[in-house]
Amino acid sequence: MTRTTADTIDRFNRAFADHDPEALTGLIGADCVMEAIQPAPDGTRTEGRDECLAFWRALASDRGTLFEPEDVSIDGERATIRWRYHFGDGPGDSVRGVTLVRVRDGLIVEALAYSKTGDVPLAAETGGPGGVDGAAAGGAAGVRTTREVLDRYNEAFRLHEPGLLTDLIADDCVIEDSGPAPDGVNRVGGAACLARWSELAGDPALTFTPEPADVHGDLAVQPWGLRWGDGEQDRVRGVNLLRIRGGRIVEARGYVKA
């Protein structure tokens, strides 16, 4: 019997939490592709079962570190794992991140990782231009769907029109920036979130390029690219996790390649 996505992700997480590299055996697909959180702007890409398994086994074997899953969202073959990685005993010796995993026939075939980082210009809160893939969450009559909120949100940044953000942000909205590590700065309240996003949307010097996004109920997972100059290093890739309820954005968590 084929494992469910939830079963596969649970075994995957426990392999790291329990420092049990052998638990990864039988979890990785032959065509697996992994993107590490480092180095910026894209992270190292690893392809193939043996290569991915070797990387993850080395990580799971390291008893000087601690992997702590914070939240797991699953929809079909897609899983979003938010985590904290401890590499010491000090208050700054940890970092929070997210891994976007795709499971096919009970095996992991893709894992894209991002984390909190240092000084990335305006990287955390942007949605990027373009549409959103995946099924939208339905809503009551007169309430915007998840897709409608995201489309309008993205247009604000694509067209540099902050006014499009009006009525999209909940009064209790919270932004969790992509930096600085380990946790990112929090911006709490609709006014604070709207002010920050309006600042970003109004900046014509920034170019945002979306990667395909997924919508899981009220959670939108949107990878993106950010460019702020002409040099090869004047860019970074990242992802936002946006929570939308009642037709308004209530939470936005940003992560980037470190």
# chains A, B, ... in the order shown; residues from 1 in each chain; ligands from 1
call {"tool": "residues_around", "arguments": {"residues": "Leu27 in chain A", "least_positions_apart": "5", "cutoff": "9 Å", "atoms": "only C-alpha atoms", "output": "NGL selection string"}}
result
:A and (8-9 or 11-12 or 53 or 106-108)
call {"tool": "write_last_selection", "arguments": {"atoms": "C-alpha atoms", "output": "PDB file, in the first residue's frame"}}
result
ATOM      1  CA  THR A   8       5.854  10.320   4.214  1.00  0.00           C
ATOM      2  CA  ILE A   9       6.314  13.807   5.652  1.00  0.00           C
ATOM      3  CA  ARG A  11       8.689   9.935   8.655  1.00  0.00           C
ATOM      4  CA  PHE A  12      10.871  12.524   6.918  1.00  0.00           C
ATOM      5  CA  LEU A  53      19.725  10.840   0.300  1.00  0.00           C
ATOM      6  CA  GLY A 106       4.741   7.902  -1.286  1.00  0.00           C
ATOM      7  CA  LEU A 107       8.206   9.165  -2.307  1.00  0.00           C
ATOM      8  CA  ILE A 108       9.700  12.649  -2.082  1.00  0.00           C
TER       9      ILE A 108
END
call {"tool": "select_by_dssp", "arguments": {"residues": "range 45-135 of chain A", "states": "strand (DSSP E)", "output": "mmCIF file with C-alpha atoms, in the first residue's frame"}}
result
data_model
loop_
_atom_site.group_PDB
_atom_site.id
_atom_site.type_symbol
_atom_site.label_atom_id
_atom_site.label_comp_id
_atom_site.auth_asym_id
_atom_site.auth_seq_id
_atom_site.Cartn_x
_atom_site.Cartn_y
_atom_site.Cartn_z
ATOM 1 C CA ARG A 45 20.597 22.149 -6.504
ATOM 2 C CA THR A 46 20.994 18.400 -5.933
ATOM 3 C CA GLU A 47 19.471 15.838 -8.294
ATOM 4 C CA LEU A 66 18.369 20.088 16.362
ATOM 5 C CA PHE A 67 15.558 20.133 13.804
ATOM 6 C CA GLU A 68 12.234 21.329 15.212
ATOM 7 C CA PRO A 69 9.137 21.221 12.954
ATOM 8 C CA GLU A 70 6.810 24.137 13.745
ATOM 9 C CA ASP A 71 3.910 23.592 11.364
ATOM 10 C CA VAL A 72 3.005 21.215 8.530
ATOM 11 C CA SER A 73 0.337 21.907 5.894
ATOM 12 C CA ILE A 74 -0.589 19.167 3.417
ATOM 13 C CA ASP A 75 -2.765 19.318 0.330
ATOM 14 C CA ARG A 78 2.173 19.046 -1.696
ATOM 15 C CA ALA A 79 3.473 19.699 1.808
ATOM 16 C CA THR A 80 4.701 22.914 3.417
ATOM 17 C CA ILE A 81 6.967 22.379 6.434
ATOM 18 C CA ARG A 82 7.827 25.363 8.648
ATOM 19 C CA TRP A 83 10.760 24.595 10.937
ATOM 20 C CA ARG A 84 13.435 25.919 13.282
ATOM 21 C CA TYR A 85 17.002 24.630 12.986
ATOM 22 C CA HIS A 86 19.189 24.904 16.110
ATOM 23 C CA SER A 94 19.046 29.027 15.353
ATOM 24 C CA VAL A 95 17.198 29.961 12.204
ATOM 25 C CA ARG A 96 13.636 29.507 11.032
ATOM 26 C CA GLY A 97 12.792 28.287 7.566
ATOM 27 C CA VAL A 98 10.364 26.491 5.303
ATOM 28 C CA THR A 99 10.628 23.531 2.934
ATOM 29 C CA LEU A 100 8.179 22.995 0.077
ATOM 30 C CA VAL A 101 7.918 19.263 -0.578
ATOM 31 C CA ARG A 102 6.214 17.306 -3.343
ATOM 32 C CA VAL A 103 5.432 13.620 -2.790
ATOM 33 C CA ARG A 104 4.539 11.194 -5.565
ATOM 34 C CA LEU A 107 8.206 9.165 -2.307
ATOM 35 C CA ILE A 108 9.700 12.649 -2.082
ATOM 36 C CA VAL A 109 10.440 13.959 -5.576
ATOM 37 C CA GLU A 110 11.040 17.649 -4.835
ATOM 38 C CA ALA A 111 12.135 19.690 -1.814
ATOM 39 C CA LEU A 112 12.757 23.444 -2.045
ATOM 40 C CA ALA A 113 14.132 25.085 1.113
ATOM 41 C CA TYR A 114 14.247 28.738 2.197
ATOM 42 C CA SER A 115 15.138 30.457 5.483
#
call {"tool": "select_by_dssp", "arguments": {"residues": "range 7-146 of chain A", "states": "helix (DSSP H, G or I)", "output": "ChimeraX atom specification"}}
result
/A:7-17,21-24,49-61,146
call {"tool": "closest_residue", "arguments": {"among": "A:Asp93, A:Asp42, A:Asp31, A:Asp7", "to": "Pro182 in chain A", "atoms": "only C-alpha atoms"}}
result
A:Asp93
